[in-house]
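Next comes structure.cif, a file with mmCIF, C-alpha atoms.
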data_target
#
loop_
_atom_site.label_atom_id
_atom_site.label_comp_id
_atom_site.auth_asym_id
_atom_site.auth_seq_id
_atom_site.Cartn_x
_atom_site.Cartn_y
_atom_site.Cartn_z
CA MET J 1 -27.92 6.83 26.49
CA LYS J 2 -26.87 10.37 27.43
CA LYS J 3 -26.00 12.70 24.55
CA LEU J 4 -23.20 15.24 24.83
CA LYS J 5 -23.03 18.37 22.71
CA ALA J 6 -20.72 21.38 22.92
CA PRO J 7 -20.68 23.99 24.36
CA LEU J 8 -20.71 22.30 27.75
CA ASN J 9 -20.71 23.95 31.17
CA GLY J 10 -19.45 22.85 34.58
CA GLN J 11 -22.79 21.36 35.51
CA ASP J 12 -22.94 19.19 32.37
CA ILE J 13 -19.47 17.90 33.20
CA ALA J 14 -20.16 17.24 36.89
CA GLY J 15 -23.07 15.00 35.89
CA LEU J 16 -20.85 12.57 33.98
CA LYS J 17 -19.63 9.54 35.92
CA MET J 18 -16.81 7.09 35.20
CA GLY J 19 -18.01 4.03 33.29
CA GLU J 20 -21.05 5.78 31.82
CA GLU J 21 -21.57 5.27 28.09
CA VAL J 22 -22.42 8.41 26.11
CA LEU J 23 -23.06 9.52 22.54
CA VAL J 24 -21.25 12.64 21.34
CA GLU J 25 -23.10 14.98 18.96
CA GLY J 26 -22.27 18.14 17.04
CA VAL J 27 -18.92 19.89 16.77
CA ILE J 28 -15.66 18.43 18.02
CA TYR J 29 -12.13 19.55 17.12
CA ALA J 30 -9.54 17.07 15.89
CA ALA J 31 -6.00 17.63 17.13
CA ARG J 32 -3.05 15.42 17.99
CA ASP J 33 0.63 15.79 18.89
CA ALA J 34 1.83 18.48 16.49
CA ALA J 35 -1.34 20.62 16.66
CA HIS J 36 -1.21 20.48 20.48
CA LYS J 37 2.39 21.59 20.46
CA ARG J 38 1.49 24.60 18.29
CA MET J 39 -1.52 25.57 20.40
CA VAL J 40 0.52 25.44 23.58
CA GLN J 41 3.34 27.44 21.97
CA ALA J 42 0.77 30.06 20.87
CA ILE J 43 -0.67 30.33 24.39
CA GLU J 44 2.79 30.64 25.89
CA ALA J 45 3.66 33.37 23.37
CA GLY J 46 0.47 35.24 24.26
CA GLN J 47 -1.07 34.70 20.80
CA ASP J 48 -4.69 33.91 19.96
CA LEU J 49 -5.63 30.28 19.28
CA PRO J 50 -7.30 29.33 15.99
CA ILE J 51 -10.31 28.10 18.03
CA ASP J 52 -12.05 29.28 21.19
CA LEU J 53 -11.66 26.33 23.58
CA ASP J 54 -14.29 27.45 26.07
CA GLY J 55 -16.77 24.62 26.67
CA GLN J 56 -15.43 22.61 23.70
CA MET J 57 -14.32 19.05 22.97
CA ILE J 58 -11.05 17.89 21.41
CA TYR J 59 -10.74 14.49 19.73
CA TYR J 60 -7.24 13.03 19.53
CA VAL J 61 -7.20 11.80 15.94
CA GLY J 62 -5.14 11.95 12.77
CA PRO J 63 -7.50 10.59 10.10
CA CYS J 64 -6.78 8.84 6.83
CA PRO J 65 -7.40 10.90 3.66
CA ALA J 66 -11.06 10.99 2.56
CA PRO J 67 -11.80 8.57 -0.30
CA PRO J 68 -13.96 10.02 -3.13
CA GLY J 69 -17.54 10.62 -1.95
CA ARG J 70 -16.64 10.46 1.75
CA VAL J 71 -16.16 13.30 4.21
CA ILE J 72 -13.24 11.63 5.98
CA GLY J 73 -11.13 8.47 5.93
CA SER J 74 -10.66 6.04 8.81
CA ALA J 75 -10.73 8.14 12.01
CA GLY J 76 -10.33 6.35 15.34
CA PRO J 77 -8.71 7.75 18.50
CA THR J 78 -4.95 7.86 19.02
CA THR J 79 -3.11 7.21 22.32
CA SER J 80 -4.00 10.11 24.61
CA GLY J 81 -0.94 9.85 26.86
CA ARG J 82 1.13 11.66 24.24
CA MET J 83 -1.03 14.75 24.77
CA ASP J 84 -0.56 14.72 28.57
CA ALA J 85 2.17 17.33 28.43
CA TYR J 86 -0.13 19.80 26.64
CA ALA J 87 -3.61 19.05 28.01
CA PRO J 88 -3.50 20.90 31.37
CA LEU J 89 -2.95 24.29 29.72
CA LEU J 90 -5.86 23.72 27.32
CA ILE J 91 -8.12 22.62 30.19
CA GLU J 92 -7.16 25.83 31.99
CA ARG J 93 -8.31 27.67 28.84
CA GLY J 94 -11.79 26.16 29.08
CA LEU J 95 -11.50 22.80 27.28
CA LYS J 96 -14.19 20.57 28.77
CA VAL J 97 -13.92 17.21 27.00
CA MET J 98 -11.01 15.18 25.64
CA ILE J 99 -11.70 12.10 23.52
CA GLY J 100 -8.99 9.50 22.95
CA LYS J 101 -7.81 6.12 24.15
CA GLY J 102 -5.66 4.87 27.01
CA SER J 103 -4.70 6.26 30.40
CA ARG J 104 -3.82 9.85 31.42
CA ASP J 105 -1.19 11.09 33.87
CA LYS J 106 -1.65 12.68 37.28
CA GLY J 107 -1.17 16.22 35.99
CA VAL J 108 -4.04 15.90 33.51
CA ILE J 109 -6.38 14.34 36.08
CA GLU J 110 -5.61 17.10 38.61
CA SER J 111 -6.38 19.77 36.00
CA MET J 112 -9.63 17.98 35.14
CA GLN J 113 -10.65 18.06 38.80
CA LYS J 114 -9.61 21.67 39.28
CA TYR J 115 -11.31 23.13 36.21
CA GLY J 116 -14.07 20.56 35.64
CA ALA J 117 -13.33 18.45 32.57
CA VAL J 118 -13.89 14.84 31.52
CA TYR J 119 -11.93 12.35 29.49
CA LEU J 120 -13.86 10.02 27.18
CA ALA J 121 -12.52 6.84 25.59
CA ALA J 122 -13.63 6.04 22.06
CA VAL J 123 -13.05 2.59 20.54
CA GLY J 124 -9.39 2.48 19.53
CA GLY J 125 -8.82 0.76 16.20
CA ALA J 126 -12.41 1.20 15.04
CA GLY J 127 -11.49 3.88 12.53
CA ALA J 128 -13.79 2.77 9.71
CA TYR J 129 -16.77 2.44 12.07
CA LEU J 130 -16.19 5.84 13.69
CA ALA J 131 -15.68 7.55 10.31
CA GLN J 132 -19.31 6.67 9.54
CA ARG J 133 -20.35 8.76 12.56
CA ILE J 134 -18.55 11.84 11.26
CA VAL J 135 -20.88 13.86 9.03
CA SER J 136 -18.58 16.75 8.10
CA ALA J 137 -14.92 17.68 8.30
CA GLU J 138 -13.04 20.86 7.49
CA ILE J 139 -9.54 22.14 8.16
CA VAL J 140 -9.47 25.01 10.67
CA ASP J 141 -5.72 25.62 10.73
CA TYR J 142 -2.23 24.06 10.59
CA ALA J 143 -2.95 22.54 7.15
CA ASP J 144 0.80 22.11 6.64
CA LEU J 145 0.75 19.36 9.30
CA GLY J 146 -1.06 17.00 6.90
CA PRO J 147 -2.74 14.21 8.91
CA GLU J 148 -2.02 16.26 12.05
CA ALA J 149 -3.89 19.42 10.95
CA LEU J 150 -6.46 21.04 13.25
CA LEU J 151 -9.92 19.98 12.01
CA LYS J 152 -13.49 20.89 12.83
CA LEU J 153 -15.64 17.75 12.74
CA GLU J 154 -19.34 17.31 13.09
CA VAL J 155 -20.36 13.97 14.59
CA LYS J 156 -23.58 12.06 15.17
CA ASP J 157 -24.10 9.16 17.61
CA PHE J 158 -20.38 8.94 18.27
CA PRO J 159 -20.03 6.25 20.99
CA CYS J 160 -17.73 6.86 23.96
CA ILE J 161 -17.35 5.83 27.57
CA VAL J 162 -16.45 8.17 30.44
CA ALA J 163 -12.98 6.90 31.30
CA ILE J 164 -12.01 9.60 33.81
CA ASP J 165 -14.61 11.90 35.35
CA SER J 166 -14.25 15.36 36.86
CA GLN J 167 -14.03 13.88 40.36
CA GLY J 168 -10.88 12.07 39.30
CA ASN J 169 -12.38 8.56 39.13
CA ASP J 170 -10.19 6.67 36.68
CA ILE J 171 -11.35 3.54 34.85
CA TYR J 172 -7.73 2.58 34.07
CA ALA J 173 -6.77 2.64 37.76
CA ARG J 174 -9.15 -0.24 38.56
CA SER J 175 -7.15 -3.13 37.14
CA MET T 1 17.42 -19.99 -11.90
CA ARG T 2 14.15 -18.04 -12.04
CA GLN T 3 14.17 -14.51 -13.31
CA VAL T 4 11.93 -12.01 -11.50
CA ASN T 5 11.45 -8.44 -12.63
CA VAL T 6 11.20 -6.15 -9.60
CA GLU T 7 8.34 -4.37 -11.40
CA GLU T 8 6.26 -7.44 -10.44
CA VAL T 9 7.31 -6.97 -6.82
CA LYS T 10 6.23 -3.33 -6.92
CA LYS T 11 2.79 -4.14 -8.37
CA SER T 12 2.17 -7.00 -5.93
CA VAL T 13 3.18 -4.90 -2.94
CA GLU T 14 0.91 -2.04 -4.03
CA GLY T 15 -2.19 -4.25 -4.07
CA ALA T 16 -1.24 -6.28 -1.02
CA ILE T 17 -0.64 -3.31 1.26
CA ILE T 18 -4.13 -1.96 0.54
CA GLU T 19 -5.54 -5.43 1.19
CA ALA T 20 -3.62 -5.72 4.46
CA ASN T 21 -4.87 -2.37 5.73
CA THR T 22 -8.52 -3.03 4.92
CA ASN T 23 -8.98 -6.73 5.72
CA LEU T 24 -8.65 -8.11 9.21
CA PRO T 25 -7.07 -11.58 8.99
CA GLU T 26 -9.54 -14.41 9.61
CA ASP T 27 -7.61 -15.87 12.55
CA VAL T 28 -7.86 -12.54 14.39
CA GLN T 29 -11.57 -12.16 13.57
CA ARG T 30 -12.26 -15.68 14.86
CA ALA T 31 -10.40 -14.96 18.10
CA LEU T 32 -12.37 -11.72 18.60
CA GLN T 33 -15.65 -13.60 18.06
CA THR T 34 -14.62 -16.24 20.60
CA ALA T 35 -13.72 -13.50 23.08
CA MET T 36 -17.09 -11.83 22.63
CA ALA T 37 -18.87 -15.09 23.40
CA THR T 38 -17.18 -15.35 26.80
CA GLU T 39 -16.75 -11.69 27.83
CA SER T 40 -18.67 -10.87 31.01
CA SER T 41 -18.36 -7.06 30.99
CA ALA T 42 -21.21 -5.34 29.13
CA SER T 43 -19.11 -2.35 28.02
CA ALA T 44 -16.31 -4.62 26.84
CA SER T 45 -18.80 -6.74 24.84
CA ARG T 46 -20.17 -3.62 23.20
CA PHE T 47 -16.68 -2.47 22.29
CA LEU T 48 -15.82 -5.93 20.88
CA GLN T 49 -18.96 -5.79 18.79
CA ILE T 50 -17.91 -2.39 17.40
CA ILE T 51 -14.44 -3.76 16.65
CA LEU T 52 -15.95 -6.68 14.69
CA GLU T 53 -18.39 -4.39 12.91
CA ASN T 54 -15.45 -2.14 12.07
CA ALA T 55 -13.79 -5.06 10.27
CA GLN T 56 -16.94 -5.61 8.17
CA ILE T 57 -17.18 -1.92 7.24
CA ALA T 58 -13.48 -1.71 6.39
CA ALA T 59 -13.68 -4.76 4.10
CA CYS T 60 -16.92 -3.63 2.38
CA ASP T 61 -15.98 0.02 1.92
CA LYS T 62 -12.27 -0.60 1.32
CA MET T 63 -11.55 1.76 4.21
CA ALA T 64 -8.54 1.39 6.46
CA LEU T 65 -9.37 -0.68 9.58
CA CYS T 66 -7.52 1.89 11.66
CA GLN T 67 -6.44 5.43 10.82
CA ASP T 68 -2.96 4.44 11.97
CA THR T 69 -1.97 2.56 8.86
CA GLY T 70 1.43 2.10 10.41
CA MET T 71 5.01 2.01 9.31
CA VAL T 72 5.33 -1.03 7.08
CA VAL T 73 7.53 -3.94 8.08
CA ALA T 74 8.41 -6.14 5.10
CA HIS T 75 9.86 -9.59 5.69
CA ILE T 76 11.27 -10.92 2.46
CA GLU T 77 12.27 -14.55 1.91
CA LEU T 78 14.36 -14.55 -1.20
CA GLY T 79 15.20 -17.87 -2.83
CA GLN T 80 18.85 -18.27 -3.76
CA GLU T 81 17.78 -19.42 -7.20
CA VAL T 82 16.04 -16.12 -7.98
CA HIS T 83 17.69 -13.67 -10.31
CA LEU T 84 16.26 -10.20 -9.79
CA VAL T 85 16.20 -7.86 -12.79
CA GLY T 86 14.79 -4.43 -13.60
CA GLY T 87 16.06 -2.55 -10.56
CA GLN T 88 16.64 -2.74 -6.83
CA LEU T 89 14.43 -5.01 -4.71
CA GLU T 90 14.16 -2.64 -1.74
CA GLU T 91 13.33 0.33 -3.96
CA ALA T 92 10.59 -1.72 -5.66
CA VAL T 93 9.07 -2.59 -2.26
CA ASN T 94 9.13 1.06 -1.22
CA GLN T 95 7.62 2.15 -4.54
CA GLY T 96 4.81 -0.38 -4.12
CA ILE T 97 4.11 1.00 -0.66
CA ARG T 98 4.19 4.59 -1.96
CA ASP T 99 1.68 3.71 -4.73
CA GLY T 100 -0.55 1.66 -2.40
CA TYR T 101 -0.79 4.32 0.31
CA LEU T 102 -1.74 6.91 -2.30
CA ARG T 103 -4.27 4.76 -4.18
CA GLY T 104 -5.78 3.27 -1.00
CA TYR T 105 -6.31 6.61 0.80
CA LEU T 106 -4.13 5.37 3.63
CA ARG T 107 -2.57 7.74 6.14
CA LYS T 108 1.06 8.69 5.69
CA SER T 109 2.66 8.39 9.10
CA VAL T 110 6.41 8.25 8.45
CA VAL T 111 8.69 11.18 9.32
CA ASN T 112 12.08 11.73 7.68
CA ASP T 113 14.16 11.87 10.83
CA PRO T 114 13.58 11.18 14.54
CA PHE T 115 14.61 14.75 15.39
CA GLU T 116 13.57 16.85 12.38
CA ARG T 117 10.24 14.93 12.11
CA LYS T 118 9.11 16.07 8.66
CA ASN T 119 6.45 13.79 7.12
CA THR T 120 7.90 12.05 4.06
CA GLY T 121 4.42 12.26 2.51
CA ASP T 122 4.32 8.72 1.11
CA ASN T 123 4.70 6.43 4.13
CA THR T 124 8.17 5.30 3.10
CA PRO T 125 10.73 4.07 3.85
CA ALA T 126 9.53 0.68 5.07
CA ILE T 127 11.56 -1.45 7.46
CA ILE T 128 12.80 -4.27 5.26
CA HIS T 129 14.34 -7.55 6.40
CA ILE T 130 15.71 -9.85 3.71
CA HIS T 131 16.37 -13.49 4.44
CA LEU T 132 17.95 -15.84 1.91
CA ALA T 133 16.16 -19.15 1.48
CA ALA T 134 16.61 -22.31 -0.57
CA GLY T 135 14.83 -22.64 -3.91
CA ASP T 136 13.46 -20.07 -6.36
CA GLY T 137 10.57 -18.59 -4.38
CA LEU T 138 10.12 -14.95 -3.46
CA ARG T 139 7.79 -14.52 -0.52
CA ILE T 140 6.99 -11.15 1.04
CA THR T 141 5.10 -10.63 4.28
CA LEU T 142 3.82 -7.09 4.79
CA PHE T 143 2.95 -5.94 8.29
CA PRO T 144 1.64 -2.38 8.60
CA LYS T 145 2.27 -1.87 12.30
CA GLY T 146 0.61 1.00 14.16
CA ALA T 147 2.47 3.02 16.77
CA GLY T 148 -0.09 2.68 19.57
CA SER T 149 0.96 -0.92 20.09
CA GLU T 150 4.54 -0.59 18.83
CA ASN T 151 5.34 2.10 21.42
CA MET T 152 4.40 -0.27 24.23
CA GLY T 153 7.02 -2.93 23.47
CA GLN T 154 10.10 -3.47 25.65
CA LEU T 155 13.33 -5.43 25.68
CA ALA T 156 15.41 -6.67 28.61
CA MET T 157 18.82 -8.31 28.81
CA LEU T 158 18.15 -10.56 31.79
CA LYS T 159 20.77 -12.51 33.70
CA PRO T 160 20.59 -16.24 32.93
CA SER T 161 19.96 -16.80 36.67
CA ALA T 162 16.59 -15.04 36.23
CA GLY T 163 15.50 -18.11 34.27
CA ILE T 164 12.02 -18.81 33.01
CA ASP T 165 10.45 -17.04 36.02
CA GLY T 166 12.30 -13.86 35.12
CA VAL T 167 10.99 -14.10 31.56
CA LYS T 168 7.41 -14.61 32.77
CA GLU T 169 7.70 -11.66 35.16
CA PHE T 170 9.04 -9.41 32.38
CA ILE T 171 6.21 -10.33 29.98
CA LEU T 172 3.63 -9.48 32.66
CA LYS T 173 5.40 -6.22 33.51
CA VAL T 174 5.31 -5.09 29.85
CA VAL T 175 1.62 -5.91 29.45
CA ARG T 176 0.71 -4.28 32.78
CA GLU T 177 2.60 -1.08 31.94
CA ALA T 178 1.05 -0.98 28.47
CA SER T 179 -2.42 -1.07 30.04
CA GLY T 180 -5.08 0.11 27.55
CA ASN T 181 -2.64 1.92 25.25
CA PRO T 182 -1.84 -0.83 22.72
CA CYS T 183 -5.56 -1.31 21.90
CA PRO T 184 -6.34 -4.57 23.73
CA PRO T 185 -7.33 -7.32 23.18
CA ILE T 186 -3.70 -7.64 22.15
CA ILE T 187 -1.50 -10.29 20.62
CA VAL T 188 1.69 -10.65 22.64
CA GLY T 189 4.79 -11.45 20.60
CA VAL T 190 7.73 -12.68 22.67
CA GLY T 191 11.29 -13.35 21.55
CA VAL T 192 13.66 -15.11 23.92
CA GLY T 193 17.33 -15.79 23.23
CA GLY T 194 19.84 -14.77 20.59
CA ASN T 195 21.20 -11.32 21.34
CA MET T 196 19.63 -7.87 21.56
CA GLU T 197 18.43 -7.42 17.98
CA LYS T 198 17.66 -11.12 17.49
CA ALA T 199 15.26 -11.12 20.45
CA ALA T 200 13.48 -8.05 19.02
CA LEU T 201 13.20 -9.68 15.60
CA LEU T 202 11.88 -12.91 17.12
CA ALA T 203 9.21 -10.94 18.99
CA LYS T 204 8.10 -9.26 15.76
CA HIS T 205 8.12 -12.62 13.97
CA ALA T 206 5.99 -14.10 16.73
CA LEU T 207 3.24 -11.61 15.82
CA LEU T 208 3.18 -12.99 12.29
CA ARG T 209 2.19 -16.43 13.56
CA GLU T 210 -1.56 -17.02 13.35
CA VAL T 211 -3.66 -16.72 16.48
CA GLY T 212 -4.51 -20.22 17.69
CA GLN T 213 -1.41 -21.80 16.19
CA PRO T 214 0.81 -22.76 19.11
CA ASN T 215 4.58 -23.07 19.16
CA PRO T 216 5.44 -26.60 17.92
CA ARG T 217 7.54 -27.29 21.03
CA PRO T 218 5.19 -28.65 23.74
CA GLU T 219 6.96 -26.90 26.65
CA LEU T 220 6.69 -23.56 24.84
CA GLN T 221 3.04 -24.21 24.01
CA THR T 222 2.43 -24.75 27.72
CA LEU T 223 4.24 -21.52 28.50
CA GLU T 224 2.15 -19.65 25.92
CA GLU T 225 -1.07 -20.95 27.48
CA GLU T 226 0.08 -20.14 31.00
CA MET T 227 1.03 -16.58 30.04
CA LEU T 228 -2.23 -16.02 28.17
CA ASN T 229 -4.19 -16.99 31.29
CA LYS T 230 -2.02 -14.83 33.55
CA ILE T 231 -2.37 -11.83 31.22
CA ASN T 232 -6.15 -12.19 31.02
CA ASP T 233 -6.23 -12.43 34.82
CA LEU T 234 -4.73 -8.92 34.98
CA GLY T 235 -8.19 -7.56 34.17
CA ILE T 236 -6.96 -4.78 31.86
CA GLY T 237 -9.70 -5.74 29.41
CA VAL T 238 -10.82 -4.47 26.03
CA GLN T 239 -9.32 -0.99 25.48
CA GLY T 240 -8.18 -1.00 29.12
CA LEU T 241 -11.73 -0.59 30.41
CA GLY T 242 -11.67 -3.79 32.48
CA GLY T 243 -13.04 -7.28 31.77
CA ASP T 244 -11.95 -10.79 30.86
CA THR T 245 -10.29 -10.18 27.50
CA THR T 246 -6.87 -8.53 27.57
CA ALA T 247 -5.02 -10.77 25.09
CA LEU T 248 -6.06 -13.07 22.25
CA ALA T 249 -2.78 -14.96 22.12
CA VAL T 250 0.76 -15.15 23.42
CA ASN T 251 3.21 -16.29 20.75
CA ILE T 252 6.72 -17.15 21.91
CA GLU T 253 9.75 -17.72 19.67
CA THR T 254 13.19 -18.76 20.86
CA TYR T 255 16.76 -18.98 19.54
CA PRO T 256 20.09 -20.25 20.91
CA THR T 257 21.90 -17.67 23.01
CA HIS T 258 25.25 -16.90 24.67
CA ILE T 259 26.29 -18.55 27.98
CA ALA T 260 26.03 -15.13 29.64
CA CYS T 261 22.77 -13.94 28.04
CA LEU T 262 19.02 -14.19 28.50
CA PRO T 263 17.56 -11.56 26.18
CA VAL T 264 13.77 -11.19 26.10
CA ALA T 265 11.77 -8.86 23.89
CA VAL T 266 8.02 -8.26 23.98
CA ASN T 267 6.34 -6.73 20.93
CA LEU T 268 2.62 -6.05 21.26
CA GLY T 269 0.11 -6.29 18.44
CA CYS T 270 -3.26 -4.52 18.66
CA HIS T 271 -6.67 -6.15 18.13
CA SER T 272 -6.35 -5.27 14.45
CA THR T 273 -3.01 -6.97 13.90
CA ARG T 274 -3.01 -7.15 10.12
CA ARG T 275 -0.45 -8.85 7.92
CA ILE T 276 -0.43 -10.38 4.49
CA THR T 277 1.91 -12.77 2.70
CA ILE T 278 2.36 -12.74 -1.06
CA GLU T 279 4.35 -14.88 -3.45
CA VAL T 280 5.91 -13.15 -6.42
#

As structure tokens, the full file:
Amino acid sequence: MKKLKAPLNGQDIAGLKMGEEVLVEGVIYAARDAAHKRMVQAIEAGQDLPIDLDGQMIYYVGPCPAPPGRVIGSAGPTTSGRMDAYAPLLIERGLKVMIGKGSRDKGVIESMQKYGAVYLAAVGGAGAYLAQRIVSAEIVDYADLGPEALLKLEVKDFPCIVAIDSQGNDIYARS
Amino acid sequence: MRQVNVEEVKKSVEGAIIEANTNLPEDVQRALQTAMATESSASASRFLQIILENAQIAACDKMALCQDTGMVVAHIELGQEVHLVGGQLEEAVNQGIRDGYLRGYLRKSVVNDPFERKNTGDNTPAIIHIHLAAGDGLRITLFPKGAGSENMGQLAMLKPSAGIDGVKEFILKVVREASGNPCPPIIVGVGVGGNMEKAALLAKHALLREVGQPNPRPELQTLEEEMLNKINDLGIGVQGLGGDTTALAVNIETYPTHIACLPVAVNLGCHSTRRITIEV
């Protein structure tokens, strides 16, 4: 199975096809609704972002608190559609991979085609399983958002499927 | 008359809510195993296997099945012969939830206000329904319901002329529009009849019924089977990735209604629909 590790370039992305199963490795950033809203507000205000998005991956997740001896609590993907309003601007800023669950809107898919990005689906509701594939977690910014803080995660053998590729092929549009 | 101290309610709720969030009910696990045996898509089978493995890990490690540990719905059946002492029942339920979410390392997902949206920090308040019953029992069903599936529910006030075909069409429309978002394979809870809020409550109640336990009325059982087949024929599949398994069950509940009404509500439950019932 193909392994994906950031930073990724346009060629890496172009080689990923809808329906292909992949394993994500290395650093991914965790952000969901509130963190997206702040990042987009920062870009619109001309401010620097807490992370450089170029070639990076964002995982849509708001994990459970880490139990003693664990790096993170349950940590499966959240519904990606809620990030549709914010994603195109981040893709324009160099974001290459989004990881979540469920379909995306036309605006996101068009941005993915224009700038070369992919959307991966992780197994929704498999939070305990996926937490075992996360080897480290630290808060990067927005700590006041609690479960919605911006996190830097390191993952190993994190299973995903290419749900929408950079040519605009959409697994959710088949049924 | 039986006297119950609400302190007992608080303690029971604290333990039960951790249990509910970490243990996938057996009926749901069985249905997932059955689905895996018949699923023809390789990716969908792999995802089902991960979902089942997830349930094992969650139970062994006492980890939440899903990071969305939900907003808690509490259905309380309170016997008329029970005399509650030691405080308020609803406050005791909320305190039990507060304590359980802290002790169980469960995510706090409740915001104080739909507009201000400040996290309350303890996953309360719960949504509490109290129903008076005969006898001196006190039964509480806790249902931590995640938003991925909850957001995909819909309600329609159909015209009675729409009839059973209109109801079928609406159920299919809701499932089709939900696509992969509610974490299929889903459990489809349907409430038909009553009025607006009664239909919604029936749909939620329908999700509490075990998978594989049909409606006792034969004509409704037939309707449940028909809708389950039609939904699985949509091909949405596990997590919306295509395949044979979109729903594990369709549970339909009905109630008398007004001569001018045909309300129908559809509440979707994800593949980790978790609920627990305790007696205090």

So that I can see what lies close to T:Arg275, please list as an mmCIF file with C-alpha atoms, in the coordinates of the input the residues with an atom at most 10 Å from it, counting only C-alpha atoms and leaving out residues fewer than 2 positions away in the same chain.
data_model
loop_
_atom_site.group_PDB
_atom_site.id
_atom_site.type_symbol
_atom_site.label_atom_id
_atom_site.label_comp_id
_atom_site.auth_asym_id
_atom_site.auth_seq_id
_atom_site.Cartn_x
_atom_site.Cartn_y
_atom_site.Cartn_z
ATOM 1 C CA ALA T 16 -1.240 -6.280 -1.020
ATOM 2 C CA ILE T 17 -0.640 -3.310 1.260
ATOM 3 C CA GLU T 19 -5.540 -5.430 1.190
ATOM 4 C CA ALA T 20 -3.620 -5.720 4.460
ATOM 5 C CA ASN T 21 -4.870 -2.370 5.730
ATOM 6 C CA ASN T 23 -8.980 -6.730 5.720
ATOM 7 C CA LEU T 24 -8.650 -8.110 9.210
ATOM 8 C CA PRO T 25 -7.070 -11.580 8.990
ATOM 9 C CA VAL T 72 5.330 -1.030 7.080
ATOM 10 C CA VAL T 73 7.530 -3.940 8.080
ATOM 11 C CA ALA T 74 8.410 -6.140 5.100
ATOM 12 C CA THR T 141 5.100 -10.630 4.280
ATOM 13 C CA LEU T 142 3.820 -7.090 4.790
ATOM 14 C CA PHE T 143 2.950 -5.940 8.290
ATOM 15 C CA PRO T 144 1.640 -2.380 8.600
ATOM 16 C CA LYS T 145 2.270 -1.870 12.300
ATOM 17 C CA LEU T 207 3.240 -11.610 15.820
ATOM 18 C CA LEU T 208 3.180 -12.990 12.290
ATOM 19 C CA ARG T 209 2.190 -16.430 13.560
ATOM 20 C CA GLU T 210 -1.560 -17.020 13.350
ATOM 21 C CA SER T 272 -6.350 -5.270 14.450
ATOM 22 C CA THR T 273 -3.010 -6.970 13.900
ATOM 23 C CA THR T 277 1.910 -12.770 2.700
#

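If you look at atom CA of T:Gly180 and atom CA of T:Gln239, they are 4.8 Å away from each other.
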
* To do: Quote the spacing between atom CA of T:Thr69 and atom CA of T:Ala249 in Å to one decimal place.
  => 22.0 Å

* Report as a VMD selection string the full result of the PyMOL selection byres ((chain J) within 6 of (chain T)) when it is applied to this structure. => chain J and resid 63 to 65 67 74 to 75 102 124 to 129 175

* **Test item: the PyMOL selection byres ((chain T and resi 189) around 7) resolved as a PyMOL selection string** => chain T and resi 187-188+190-191+203-204+206-207+250-252+266-268

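Shortest atom-to-atom contact with J:Ala85 among J:Met112, J:Asp54, J:His36, J:Ile99: J:His36, counting all atoms listed in the file.
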
* State, in Å with one decimal place, the distance from atom CA of T:Val13 to atom CA of T:Gly96. => 4.9 Å

* Taking the file as shown, what set of residues would the PyMOL selection byres ((chain J and resi 141) around 8) give back, as a count of residues only? -> 8

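Comparing T:Ile259, T:Leu89, T:Ile186, T:Ala126 by their smallest distance to T:Gly70, the closest is T:Ala126 (using all atoms listed in the file).
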
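Checking J:Pro77, J:Gly46, J:Gly62, J:Gly55 one by one against J:Val118, counting all atoms listed in the file, you find the shortest gap at J:Gly55.
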
* All residues 7 Å or closer to J:Gly81, all atoms listed in the file, same chain fewer than 3 positions away omitted, as a ChimeraX atom specification -> /J:84,102-104

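Distances here use only C-alpha atoms; by that measure, the residue among J:Ala87, J:Ala121, J:Ala34, J:Ala137 closest to J:Lys106 is J:Ala87.
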
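All residues of protein, DNA or RNA that reach within 12 Å of T:Asn195, judged by only C-alpha atoms and not counting those fewer than 4 positions away in the chain, are Leu155, Ala156, Met157, Leu158, Gly191, Ala199, Ala200, Leu201, Leu202, Thr254, Tyr255, Pro256, Thr257, His258, Ile259, Ala260, Cys261, Leu262, Pro263, Val264 and Ala265 of chain T.
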
Please, could you write that set of residues out with C-alpha atoms as an mmCIF file, in the frame of the given file?
data_model
loop_
_atom_site.group_PDB
_atom_site.id
_atom_site.type_symbol
_atom_site.label_atom_id
_atom_site.label_comp_id
_atom_site.auth_asym_id
_atom_site.auth_seq_id
_atom_site.Cartn_x
_atom_site.Cartn_y
_atom_site.Cartn_z
ATOM 1 C CA LEU T 155 13.330 -5.430 25.680
ATOM 2 C CA ALA T 156 15.410 -6.670 28.610
ATOM 3 C CA MET T 157 18.820 -8.310 28.810
ATOM 4 C CA LEU T 158 18.150 -10.560 31.790
ATOM 5 C CA GLY T 191 11.290 -13.350 21.550
ATOM 6 C CA ALA T 199 15.260 -11.120 20.450
ATOM 7 C CA ALA T 200 13.480 -8.050 19.020
ATOM 8 C CA LEU T 201 13.200 -9.680 15.600
ATOM 9 C CA LEU T 202 11.880 -12.910 17.120
ATOM 10 C CA THR T 254 13.190 -18.760 20.860
ATOM 11 C CA TYR T 255 16.760 -18.980 19.540
ATOM 12 C CA PRO T 256 20.090 -20.250 20.910
ATOM 13 C CA THR T 257 21.900 -17.670 23.010
ATOM 14 C CA HIS T 258 25.250 -16.900 24.670
ATOM 15 C CA ILE T 259 26.290 -18.550 27.980
ATOM 16 C CA ALA T 260 26.030 -15.130 29.640
ATOM 17 C CA CYS T 261 22.770 -13.940 28.040
ATOM 18 C CA LEU T 262 19.020 -14.190 28.500
ATOM 19 C CA PRO T 263 17.560 -11.560 26.180
ATOM 20 C CA VAL T 264 13.770 -11.190 26.100
ATOM 21 C CA ALA T 265 11.770 -8.860 23.890
#
